[in-house]
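Quick notes on the structure that follows.
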Amino acid sequence: MVNATSDPSPLPPGPKPGGIAEAALARRAAPYLESLNEGQRTAVEALDGPVLVLAGAGTGKTRVLTTRLAHLLNTGRARPGEILAVTFTNKAAREMKLRIGDLVGDVVEGMAWLGTFHSIGAKIIRRHAELVGLKPDFTILDTDDQIRLLKQLIKAADVDEKRWPARQLAGLIDHWKNRGLSPGDLKADDGFAYAGGRGKEFYTAYQARLKVLNAADFGDLILECLRLFRENADVLARYQDRFRYMLVDEYQDTNVAQYLWMRLLAQGRQNIACVGDDDQSIYGWRGAEVDNILRFEKDFPGAQVIRLERNYRSTQHILAAASELITHNEGRLGKTLHTTSTDGERVQVRGLWDGEEEARMISDEIEAKHSKGHRLDQIAILVRASFQMREFEDRFITADIPYRVIGGPRFYERQEIRDAIAYLQVTANPDNDLKFERIINTPRRGIGPTTVALLASSARAGETSMFQAARDLVQTDEIRGKARTTLASLTADFVRWRGLIDTTSHTELAEMILEESGYTDMWQQDRSPAAAGRLENLKELIGQMEEFDSLAGFLEHISLVMDTEQDRDTDKVNLMTLHSSKGLEFDTVFLPGWEEGLFPHQRSLDENGRAGLEEERRLAYVGITRARHHAWISFAANRRVHGLWASAIPSRFVDELPASAVDVDTDGNSGSGVAASRFAAQADPFSSTYDTPGWRRAQANRGAFTPVPTRAGPRRAPLIEGELVASSTAAASQFSTGTRIFHLKFGYGTILAVDGNKLMVEFEKAGRKRVLDSFVEEHSTG
DNA sequence: CTGGAGGATCTTTTT
DNA sequence: GATCCTCCAG
C-alpha cells in the first residue's frame with residue numbers, strides 16, 4: 001500500500017520524451033498500436049497535456065482507453081501507482097483493469113488508483129480523515145441511512161415530515177453536493193425549496209450529525225475530498241505531484257463536484273485525458289453536467305480535441321437511424337459517425353395493439369431467430385421504465401424462453417442482507433446510529449418508536465451516538481421494564497462481539513452474531529414462502545465474506561461495491577432498462593414502448609422541459625446504437641399504466657427516424673398491427689383495420705380525453721390520457737355474465753361479472769382473473 | 001408495541 | 001395492480 005504522507009514522488013528515471021530510449025520502447029509497443037485506426041492512435045499517443053476524446057457510440061472507446069494506459073506504462077512515462085484512472089461504475093473499473101492486464105500483464109496490479117470516483121475519494125479521505133473531521137474508519141452511508149438520519153433531524157426540528165418529506169430534503173442535499181456546495185457556500189435563499197427556507201439549516205445540521213456519527217454519504221466522498229484539497233494546499237500538492245497522468249472515463253456523466261475535484265488534481269501536471277460522448281449523456285437527473293465537456297477547452301487552454309467517428313459496431317441503416325434522430329437535439333458538439341458497412345437490414349418499426357401484443361410479437365421474433373441459430377444472449381430488450389419488463393417476463397415464462405434481467409434488485413439491496421450487514425457494521429462501529437436503528441428492533445424485541453425516540457434525543461443532547469446513549473440510559477431509571485433489560489443485553493452483546501473481532505475469524509463471528517442476535521431464528525420462524533430464500537441468501541453472504549481477509553475489508557467493499565456478477569455465460573435473452581444498457585452491445589436489440597408519455601417520459605418533459613426531452617432523445621440514441629445488426633422499434637396503442645388502461649400515441653421519436661433507414665411492417669403478416677403515424681396509409685395514426693369491441697371503443701373514446709389544462713402546481717395532466725375504463729357509459733361490454741369465452745393467454749373460461757370493458761372470468765386452467773374484453777373471444781360451440 | 005386496514009404513489013440508478 | 005407507508009385500534 002502506498003502512503004501519501006511519506007512519498008516525495010521523485011521524478012522516475014523514465015526515458016526523456018522524444019529521446020532514443022523512448023523510441024526504442026515505442027517500437028516494442030508497436031504491435032498494439034498498429035491495429036488502431038488513425039483517430040484511435042492519435043488518442044492513444046497524445047500522452048502529454050490535456051486531451052479531450054469525443055468518442056461516439058461503437059468507436060472503440062474502451063479499446064482506446066485501455067491501450068492508452070498500457071502505452072503510458074509501456075513507454076515508461078509513468079509507474080502504475082502514478083496514474084489516476086477514474087470510472088463511474090465498479091464494473092467499468094473491473095473491465096478496464098482486466099483489459100489493461102491483457103496488454104501489460106501483472107504490472108496492472110500496481111495500479112492502486114484505478115477505480116470509481118467514490119472509491120478513490122474514500123481512499124484519499126481515509127488517509128487524511130482528521131483534516132475533514134472524521135476518523136479513518138468512518139462508515140459510508142447508503143441512501144437508506146441518509147433518509148433515516150434526515151427523518152430524525154426533521155422530527156427533532158418539529159417539522160411535519162408529511163408535508164416536507166425526508167426524500168425531498170435528501171434530494172436537495174444531494175443536488176447541492178453534486179454541485180460542489182458545502183452548507184457554507186449556500187446563499188441565504190438557497191434552501192427556500194424546503195420547509196419554508198429551512199433547507200440550509202437542515203443541511204448544516206445533517207453535516208454536523210454525520211461528523212458525530214463518524215460517517216459520510218456518497219456525496220461527501222467527493223465533496224469532503226474537494227474541501228480537503230482546498231483547505232490543505234500541501235496535501236493537494238502531494239497528490240498533484242503523484243498523479244503524473246490522469247484519465248477520466250464517461251466524462252459526460254461527471255457532475256460539478258467531480259469536475260472540480262478532477263480539475264484541481266490535474267492543475268499540477270496538466271496531463272489529463274477525458275473520454276466521453278455528449279450524445280450519450282443520460283444521467284442529467286442525477287447531477288451529470290454535459291457542460292463539463294464544453295468547459296474543458298476553456299479550463300485547459302490548448303487542449304487537444306480528438307474525435308472518434310468511425311463506428312465499428314452497427315450497420316449503415318442502424319447508424320443512420322440513430323444519427324438522424326440525434327440531430328434533433330440542439331446544443332451538441334456534433335459528431336458524424338460513419339461506417340464502412342453498407343448493407344444490412346433496416347430498422348424495423350412496428351405499431352401494435354397493446355403491450356401484451358407487443359411482447360408477443362417480440363417473443364415470436366426471438367423464437368424465429370433462435371430456431372435459425374441466433375444466440376439468445378445476443379438479443380436484448382431495452383425498456384424505458386422497469387414496469388415494462390413484467391409483460392416480457394410473463395410472455396417469456398409462457399413461451400418458455402430463457403431470459404435474465406440485468407440491473408434488477410441486487411443482492412446487497414435485499415432486506416435480509418442489509419439487516420445482516422447492519423449487525424456487522426454496528427459491531428465494527430457501534431456509533432453507526434443508522435444501522436443501529438435499523439436492527440434495534442429486528443427481530444422484534446419490544447423496543448418501539450418511543451424508546452428509539454428517547455435514545456435519539458438523548459444522543460443528540462449529549463453529542464454522542466445512540467448506542468452510547470443506550471448504554472448510559474440503561475444505567476438510569478429513564479427506561480423501564482422490558483425495554484431496559486433487552487436494551488442492556490443487546491448493547492452488551494455488541495460490546496462482546498466487538499471484543500471478538502481481532503481474535504475470531506470474521507466469517508465465524510458473522511455467523512455467531514446472526515445466531516445469537518436471534519436474526520437467523522426470526523426467518524426460521526417465518527412461515528412465508530420467501531423465508532427459505534432469505535436464509536439461503538444469508539449463507540451466500542457468509543460465503544462471500546470468505547473472499548476478504550477482515551471484517552473491515554469486507555464492509556468497505558460492500559459499501560462501495562453494491563453489485564455482484566451474475567450468470568453471464570448462459571444463453572439467455574437480456575432484459576434491461578435503456579439506462580443500464582449503456583456501454584453494452586448486442587446483435588439484435590428490441591426497443592418497445594416508443595409512446596408519448598412513456599418515451600419520452602412525461603415526467604422528464606414536465607420537470608425539465610426541453611432539456612428533459614433532449615436527454616430522452618439521447619436515451620433513444622443510446623438504445624439504437626446498442627444494436628449491431630438488427631434493431632426493432634415498437635409502440636402500442638394501448639398500455640396499462642398504474643393498473644389502468646390508457647391509450648397512447650406513437651413517440652415523436654418514431655417520426656424523427658429517417659424513412660430511408662426504416663421498414664414498417666413490410667410483409668403484412670400481422671393482422672392487428674397499428675401503423676406508425678407517418679408511415680400509415682391513412683393520415684390518422686389510429687386508423688387500422690383492426691376490429692374488435694375494445695378497439696372500436698378506443699376509437700370512440702379517443703376524442704373524449706383531451707389533456708386537462710395545466711393547473712398551478714407540480715403535477716400536470718399527463719399526455720397519456722384516455723382511460724378506456726372510465727365511466728363512459730357507452731362503453732359497456734358486449735359480453736354478458738355466463739358467456740363462455742376463449743382468452744389467448746388463459747384459455748377457456750366463463751364470465752362471472754362484467755364491469756365496463758373489464759371482465760371477471762373463471763378460467764378452467766388459470767383460475768379467476770380480471771381481463772379486458774378485447775382479449776377474449778366468445779367461444780362458439782359450432 | 002404490534003398487526004391490520006386504508007391511502008398515496010408509481011422513471012431512470014451508481015456509488 | 002402492487003407496494004410501501006401511515007394511522008389507528010387492540
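Each chain in the C-alpha cells gets a letter, A, B and so on, in the order shown; residues start at 1 in every chain, and ligands are counted from 1 in the order they appear.
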
| message | as a ChimeraX atom specification, could you give me every residue of chain A near chain B (at most 9 Å apart, counting only C-alpha atoms (C1' of nucleotides))? | response | /A:88-90,116-119,142,218-219,282-283,285-286,384-386,446-449,559-562,577-580,598,601,603-604,642

Only C-alpha atoms, please: the residues just picked out, written as an mmCIF file, in the first residue's frame.
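Okay, selection_7.cif is ready:
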```cif
data_model
loop_
_atom_site.group_PDB
_atom_site.id
_atom_site.type_symbol
_atom_site.label_atom_id
_atom_site.label_comp_id
_atom_site.auth_asym_id
_atom_site.auth_seq_id
_atom_site.Cartn_x
_atom_site.Cartn_y
_atom_site.Cartn_z
ATOM 1 C CA PHE A 88 -18.208 5.686 -12.716
ATOM 2 C CA THR A 89 -19.006 2.094 -12.028
ATOM 3 C CA ASN A 90 -17.128 -0.727 -10.456
ATOM 4 C CA THR A 116 -14.533 4.754 -9.265
ATOM 5 C CA PHE A 117 -14.735 8.387 -8.271
ATOM 6 C CA HIS A 118 -16.192 7.315 -4.975
ATOM 7 C CA SER A 119 -13.734 4.595 -4.088
ATOM 8 C CA ASP A 142 -26.230 4.372 1.825
ATOM 9 C CA PHE A 218 -21.746 9.180 -1.147
ATOM 10 C CA GLY A 219 -21.732 12.850 -1.990
ATOM 11 C CA ILE A 282 -28.284 10.241 -19.876
ATOM 12 C CA TYR A 283 -27.689 10.932 -16.219
ATOM 13 C CA TRP A 285 -31.230 13.702 -13.469
ATOM 14 C CA ARG A 286 -28.623 12.677 -11.006
ATOM 15 C CA ARG A 384 -37.664 2.875 -20.712
ATOM 16 C CA ALA A 385 -39.173 2.012 -17.353
ATOM 17 C CA SER A 386 -38.851 -1.160 -15.356
ATOM 18 C CA GLY A 446 -40.137 -4.851 22.167
ATOM 19 C CA ILE A 447 -38.083 -1.732 21.589
ATOM 20 C CA GLY A 448 -40.538 0.532 19.834
ATOM 21 C CA PRO A 449 -40.573 4.050 18.434
ATOM 22 C CA SER A 559 -20.485 -0.018 0.966
ATOM 23 C CA LEU A 560 -18.729 0.910 -2.248
ATOM 24 C CA VAL A 561 -19.352 -2.084 -4.441
ATOM 25 C CA MET A 562 -23.011 -2.799 -4.417
ATOM 26 C CA THR A 577 -33.657 -0.575 -18.942
ATOM 27 C CA LEU A 578 -32.166 1.714 -21.542
ATOM 28 C CA HIS A 579 -30.067 3.276 -18.815
ATOM 29 C CA SER A 580 -28.379 0.073 -17.833
ATOM 30 C CA LEU A 598 -43.629 6.761 -21.734
ATOM 31 C CA HIS A 601 -41.283 10.068 -20.385
ATOM 32 C CA ARG A 603 -42.193 13.392 -16.101
ATOM 33 C CA SER A 604 -38.966 14.188 -17.807
ATOM 34 C CA HIS A 642 -50.699 2.021 -12.802
#
```

| said: What parts of segment 279-409 of chain A does DSSP call alpha helix (DSSP H)? I'd like the answer as a PyMOL selection string. | reply: chain A and resi 291-299+316-326+355-371+389-399

Taking only C-alpha atoms (C1' of nucleotides) into account, report as a PDB file with all heavy atoms, in the first residue's frame which residues of chain C lie within 12 Å of chain A.
```pdb
ATOM      1  P    DG C   1     -56.733  -4.239 -11.272  1.00  0.00           P
ATOM      2  OP1  DG C   1     -57.394  -5.434 -11.637  1.00  0.00           O
ATOM      3  OP2  DG C   1     -57.110  -3.351 -10.196  1.00  0.00           O
ATOM      4  O5'  DG C   1     -55.160  -4.490 -11.072  1.00  0.00           O
ATOM      5  C5'  DG C   1     -54.398  -5.333 -11.862  1.00  0.00           C
ATOM      6  C4'  DG C   1     -53.010  -5.347 -11.275  1.00  0.00           C
ATOM      7  O4'  DG C   1     -52.532  -3.998 -11.113  1.00  0.00           O
ATOM      8  C3'  DG C   1     -52.906  -6.010  -9.911  1.00  0.00           C
ATOM      9  O3'  DG C   1     -51.668  -6.694  -9.913  1.00  0.00           O
ATOM     10  C2'  DG C   1     -52.899  -4.845  -8.926  1.00  0.00           C
ATOM     11  C1'  DG C   1     -52.194  -3.763  -9.747  1.00  0.00           C
ATOM     12  N9   DG C   1     -52.641  -2.399  -9.445  1.00  0.00           N
ATOM     13  C8   DG C   1     -53.909  -1.960  -9.295  1.00  0.00           C
ATOM     14  N7   DG C   1     -53.987  -0.684  -9.053  1.00  0.00           N
ATOM     15  C5   DG C   1     -52.670  -0.258  -9.050  1.00  0.00           C
ATOM     16  C6   DG C   1     -52.113   1.028  -8.839  1.00  0.00           C
ATOM     17  O6   DG C   1     -52.717   2.086  -8.607  1.00  0.00           O
ATOM     18  N1   DG C   1     -50.736   1.013  -8.904  1.00  0.00           N
ATOM     19  C2   DG C   1     -49.981  -0.093  -9.159  1.00  0.00           C
ATOM     20  N2   DG C   1     -48.655   0.080  -9.198  1.00  0.00           N
ATOM     21  N3   DG C   1     -50.483  -1.306  -9.364  1.00  0.00           N
ATOM     22  C4   DG C   1     -51.829  -1.311  -9.278  1.00  0.00           C
ATOM     23  P    DA C   2     -51.213  -7.473  -8.683  1.00  0.00           P
ATOM     24  OP1  DA C   2     -50.456  -8.617  -9.212  1.00  0.00           O
ATOM     25  OP2  DA C   2     -52.289  -7.660  -7.676  1.00  0.00           O
ATOM     26  O5'  DA C   2     -50.174  -6.409  -8.074  1.00  0.00           O
ATOM     27  C5'  DA C   2     -49.025  -6.053  -8.808  1.00  0.00           C
ATOM     28  C4'  DA C   2     -48.098  -5.293  -7.877  1.00  0.00           C
ATOM     29  O4'  DA C   2     -48.617  -3.961  -7.685  1.00  0.00           O
ATOM     30  C3'  DA C   2     -47.978  -5.915  -6.485  1.00  0.00           C
ATOM     31  O3'  DA C   2     -46.629  -5.831  -6.073  1.00  0.00           O
ATOM     32  C2'  DA C   2     -48.897  -5.064  -5.624  1.00  0.00           C
ATOM     33  C1'  DA C   2     -48.743  -3.698  -6.297  1.00  0.00           C
ATOM     34  N9   DA C   2     -49.884  -2.802  -6.095  1.00  0.00           N
ATOM     35  C8   DA C   2     -51.204  -3.149  -6.013  1.00  0.00           C
ATOM     36  N7   DA C   2     -52.004  -2.124  -5.839  1.00  0.00           N
ATOM     37  C5   DA C   2     -51.153  -1.035  -5.805  1.00  0.00           C
ATOM     38  C6   DA C   2     -51.380   0.349  -5.654  1.00  0.00           C
ATOM     39  N6   DA C   2     -52.581   0.880  -5.489  1.00  0.00           N
ATOM     40  N1   DA C   2     -50.304   1.163  -5.662  1.00  0.00           N
ATOM     41  C2   DA C   2     -49.092   0.629  -5.831  1.00  0.00           C
ATOM     42  N3   DA C   2     -48.747  -0.654  -5.997  1.00  0.00           N
ATOM     43  C4   DA C   2     -49.847  -1.433  -5.967  1.00  0.00           C
ATOM     44  P    DT C   3     -46.164  -6.563  -4.750  1.00  0.00           P
ATOM     45  OP1  DT C   3     -45.429  -7.750  -5.174  1.00  0.00           O
ATOM     46  OP2  DT C   3     -47.282  -6.678  -3.785  1.00  0.00           O
ATOM     47  O5'  DT C   3     -45.119  -5.502  -4.161  1.00  0.00           O
ATOM     48  C5'  DT C   3     -44.732  -4.375  -4.937  1.00  0.00           C
ATOM     49  C4'  DT C   3     -44.683  -3.141  -4.057  1.00  0.00           C
ATOM     50  O4'  DT C   3     -45.949  -2.440  -4.074  1.00  0.00           O
ATOM     51  C3'  DT C   3     -44.401  -3.443  -2.578  1.00  0.00           C
ATOM     52  O3'  DT C   3     -43.341  -2.615  -2.160  1.00  0.00           O
ATOM     53  C2'  DT C   3     -45.690  -3.075  -1.876  1.00  0.00           C
ATOM     54  C1'  DT C   3     -46.207  -1.959  -2.778  1.00  0.00           C
ATOM     55  N1   DT C   3     -47.661  -1.682  -2.656  1.00  0.00           N
ATOM     56  C2   DT C   3     -48.086  -0.370  -2.609  1.00  0.00           C
ATOM     57  O2   DT C   3     -47.327   0.580  -2.663  1.00  0.00           O
ATOM     58  N3   DT C   3     -49.438  -0.198  -2.503  1.00  0.00           N
ATOM     59  C4   DT C   3     -50.394  -1.196  -2.434  1.00  0.00           C
ATOM     60  O4   DT C   3     -51.582  -0.917  -2.346  1.00  0.00           O
ATOM     61  C5   DT C   3     -49.894  -2.549  -2.485  1.00  0.00           C
ATOM     62  C7   DT C   3     -50.841  -3.694  -2.413  1.00  0.00           C
ATOM     63  C6   DT C   3     -48.566  -2.727  -2.588  1.00  0.00           C
ATOM     64  P    DC C   5     -41.500   2.237   2.815  1.00  0.00           P
ATOM     65  OP1  DC C   5     -40.297   3.045   2.655  1.00  0.00           O
ATOM     66  OP2  DC C   5     -41.479   0.992   3.616  1.00  0.00           O
ATOM     67  O5'  DC C   5     -42.660   3.150   3.396  1.00  0.00           O
ATOM     68  C5'  DC C   5     -43.106   4.303   2.669  1.00  0.00           C
ATOM     69  C4'  DC C   5     -44.299   4.855   3.392  1.00  0.00           C
ATOM     70  O4'  DC C   5     -45.424   3.951   3.192  1.00  0.00           O
ATOM     71  C3'  DC C   5     -44.088   4.952   4.905  1.00  0.00           C
ATOM     72  O3'  DC C   5     -44.297   6.295   5.306  1.00  0.00           O
ATOM     73  C2'  DC C   5     -45.091   3.968   5.494  1.00  0.00           C
ATOM     74  C1'  DC C   5     -46.144   3.843   4.398  1.00  0.00           C
ATOM     75  N1   DC C   5     -46.855   2.545   4.385  1.00  0.00           N
ATOM     76  C2   DC C   5     -48.262   2.543   4.345  1.00  0.00           C
ATOM     77  O2   DC C   5     -48.863   3.621   4.334  1.00  0.00           O
ATOM     78  N3   DC C   5     -48.913   1.347   4.316  1.00  0.00           N
ATOM     79  C4   DC C   5     -48.224   0.209   4.322  1.00  0.00           C
ATOM     80  N4   DC C   5     -48.910  -0.950   4.280  1.00  0.00           N
ATOM     81  C5   DC C   5     -46.800   0.185   4.354  1.00  0.00           C
ATOM     82  C6   DC C   5     -46.152   1.367   4.390  1.00  0.00           C
ATOM     83  P    DT C   6     -44.135   6.721   6.820  1.00  0.00           P
ATOM     84  OP1  DT C   6     -43.494   8.043   6.809  1.00  0.00           O
ATOM     85  OP2  DT C   6     -43.556   5.618   7.613  1.00  0.00           O
ATOM     86  O5'  DT C   6     -45.669   6.879   7.231  1.00  0.00           O
ATOM     87  C5'  DT C   6     -46.554   7.558   6.339  1.00  0.00           C
ATOM     88  C4'  DT C   6     -47.955   7.533   6.934  1.00  0.00           C
ATOM     89  O4'  DT C   6     -48.531   6.212   6.756  1.00  0.00           O
ATOM     90  C3'  DT C   6     -48.018   7.820   8.433  1.00  0.00           C
ATOM     91  O3'  DT C   6     -49.107   8.698   8.681  1.00  0.00           O
ATOM     92  C2'  DT C   6     -48.223   6.455   9.062  1.00  0.00           C
ATOM     93  C1'  DT C   6     -49.030   5.738   7.995  1.00  0.00           C
ATOM     94  N1   DT C   6     -48.891   4.261   7.991  1.00  0.00           N
ATOM     95  C2   DT C   6     -50.012   3.468   7.821  1.00  0.00           C
ATOM     96  O2   DT C   6     -51.138   3.926   7.689  1.00  0.00           O
ATOM     97  N3   DT C   6     -49.785   2.121   7.806  1.00  0.00           N
ATOM     98  C4   DT C   6     -48.559   1.489   7.938  1.00  0.00           C
ATOM     99  O4   DT C   6     -48.464   0.265   7.898  1.00  0.00           O
ATOM    100  C5   DT C   6     -47.416   2.373   8.118  1.00  0.00           C
ATOM    101  C7   DT C   6     -46.046   1.799   8.289  1.00  0.00           C
ATOM    102  C6   DT C   6     -47.641   3.712   8.130  1.00  0.00           C
TER     103       DT C   6
END
```

| task | From segment 439-610 of chain A, collect each residue whose DSSP state is strand (DSSP E or B) and return the set as a PyMOL selection string. | result | chain A and resi 573-577+586-591+595+597-598+601

Could you save the residues just selected, with all heavy atoms, as a compact mmCIF listing (two decimals), in the first residue's frame?
```txt
# COMPACT_ATOMS: atom_id res chain seq x y z
N VAL A 573 -31.97 -14.41 -23.13
CA VAL A 573 -32.31 -13.09 -23.64
C VAL A 573 -32.08 -12.06 -22.53
O VAL A 573 -32.38 -12.32 -21.38
CB VAL A 573 -33.80 -13.05 -24.08
CG1 VAL A 573 -34.20 -11.63 -24.46
CG2 VAL A 573 -34.04 -14.00 -25.23
N ASN A 574 -31.52 -10.93 -22.88
CA ASN A 574 -31.25 -9.90 -21.89
C ASN A 574 -32.39 -8.89 -21.83
O ASN A 574 -32.82 -8.37 -22.85
CB ASN A 574 -29.96 -9.16 -22.26
CG ASN A 574 -28.78 -10.09 -22.31
OD1 ASN A 574 -28.30 -10.53 -21.28
ND2 ASN A 574 -28.35 -10.42 -23.52
N LEU A 575 -32.84 -8.62 -20.63
CA LEU A 575 -33.93 -7.68 -20.42
C LEU A 575 -33.43 -6.61 -19.46
O LEU A 575 -32.94 -6.93 -18.37
CB LEU A 575 -35.13 -8.44 -19.83
CG LEU A 575 -36.43 -7.72 -19.58
CD1 LEU A 575 -36.92 -7.03 -20.84
CD2 LEU A 575 -37.48 -8.72 -19.10
N MET A 576 -33.48 -5.36 -19.87
CA MET A 576 -32.96 -4.30 -19.00
C MET A 576 -33.52 -2.94 -19.40
O MET A 576 -34.19 -2.80 -20.43
CB MET A 576 -31.44 -4.27 -19.09
CG MET A 576 -30.90 -3.78 -20.41
SD MET A 576 -29.14 -4.06 -20.60
CE MET A 576 -29.15 -5.67 -21.36
N THR A 577 -33.25 -1.93 -18.59
CA THR A 577 -33.66 -0.57 -18.94
C THR A 577 -32.64 0.01 -19.92
O THR A 577 -31.52 -0.46 -20.02
CB THR A 577 -33.68 0.35 -17.71
OG1 THR A 577 -32.36 0.46 -17.20
CG2 THR A 577 -34.63 -0.16 -16.64
N PHE A 586 -25.31 -5.65 -28.68
CA PHE A 586 -25.96 -6.92 -29.00
C PHE A 586 -26.21 -7.01 -30.50
O PHE A 586 -26.36 -5.99 -31.17
CB PHE A 586 -27.30 -7.03 -28.27
CG PHE A 586 -27.19 -6.85 -26.78
CD1 PHE A 586 -27.32 -5.59 -26.21
CD2 PHE A 586 -26.92 -7.93 -25.95
CE1 PHE A 586 -27.19 -5.42 -24.84
CE2 PHE A 586 -26.79 -7.77 -24.58
CZ PHE A 586 -26.93 -6.50 -24.03
N ASP A 587 -26.31 -8.22 -31.00
CA ASP A 587 -26.63 -8.38 -32.42
C ASP A 587 -28.02 -7.82 -32.71
O ASP A 587 -28.23 -7.11 -33.67
CB ASP A 587 -26.58 -9.86 -32.81
CG ASP A 587 -25.15 -10.35 -32.97
OD1 ASP A 587 -24.26 -9.48 -33.11
OD2 ASP A 587 -24.92 -11.57 -32.93
N THR A 588 -28.95 -8.18 -31.85
CA THR A 588 -30.33 -7.77 -32.06
C THR A 588 -30.85 -7.01 -30.84
O THR A 588 -30.69 -7.46 -29.71
CB THR A 588 -31.23 -8.99 -32.29
OG1 THR A 588 -30.71 -9.73 -33.40
CG2 THR A 588 -32.65 -8.57 -32.56
N VAL A 589 -31.46 -5.87 -31.10
CA VAL A 589 -32.00 -5.07 -30.00
C VAL A 589 -33.46 -4.75 -30.28
O VAL A 589 -33.81 -4.30 -31.37
CB VAL A 589 -31.18 -3.77 -29.84
CG1 VAL A 589 -31.90 -2.80 -28.93
CG2 VAL A 589 -29.79 -4.07 -29.30
N PHE A 590 -34.31 -5.00 -29.29
CA PHE A 590 -35.71 -4.62 -29.39
C PHE A 590 -35.95 -3.41 -28.50
O PHE A 590 -35.54 -3.40 -27.34
CB PHE A 590 -36.62 -5.77 -28.95
CG PHE A 590 -36.61 -6.94 -29.90
CD1 PHE A 590 -35.75 -8.01 -29.69
CD2 PHE A 590 -37.44 -6.94 -31.01
CE1 PHE A 590 -35.72 -9.08 -30.57
CE2 PHE A 590 -37.42 -8.02 -31.90
CZ PHE A 590 -36.56 -9.08 -31.68
N LEU A 591 -36.62 -2.40 -29.06
CA LEU A 591 -36.89 -1.18 -28.31
C LEU A 591 -38.40 -0.96 -28.25
O LEU A 591 -38.96 -0.26 -29.10
CB LEU A 591 -36.18 0.00 -28.98
CG LEU A 591 -34.66 -0.14 -29.09
CD1 LEU A 591 -34.10 0.77 -30.17
CD2 LEU A 591 -34.00 0.17 -27.76
N GLU A 595 -43.79 5.36 -27.03
CA GLU A 595 -45.06 6.09 -27.00
C GLU A 595 -44.88 7.39 -26.24
O GLU A 595 -44.12 7.44 -25.27
CB GLU A 595 -46.11 5.23 -26.29
CG GLU A 595 -46.45 3.94 -27.03
CD GLU A 595 -46.48 2.74 -26.10
OE1 GLU A 595 -46.89 2.90 -24.94
OE2 GLU A 595 -46.09 1.65 -26.54
N GLY A 597 -45.25 10.06 -23.63
CA GLY A 597 -45.61 9.93 -22.23
C GLY A 597 -44.78 8.86 -21.53
O GLY A 597 -44.43 8.99 -20.37
N LEU A 598 -44.48 7.81 -22.29
CA LEU A 598 -43.63 6.76 -21.73
C LEU A 598 -42.20 6.98 -22.22
O LEU A 598 -41.24 6.88 -21.47
CB LEU A 598 -44.14 5.38 -22.16
CG LEU A 598 -43.31 4.17 -21.75
CD1 LEU A 598 -43.15 4.10 -20.24
CD2 LEU A 598 -43.94 2.87 -22.26
N HIS A 601 -40.49 10.19 -21.59
CA HIS A 601 -41.28 10.07 -20.39
C HIS A 601 -41.89 11.42 -20.01
O HIS A 601 -41.21 12.44 -20.04
CB HIS A 601 -40.43 9.57 -19.23
CG HIS A 601 -41.27 8.99 -18.14
ND1 HIS A 601 -41.92 9.77 -17.22
CD2 HIS A 601 -41.59 7.71 -17.85
CE1 HIS A 601 -42.61 8.97 -16.41
NE2 HIS A 601 -42.41 7.73 -16.77
```

| Distance atom CA of Ile417 of chain A-atom CA of Leu551 of chain A, one decimal place? | 15.2 Å
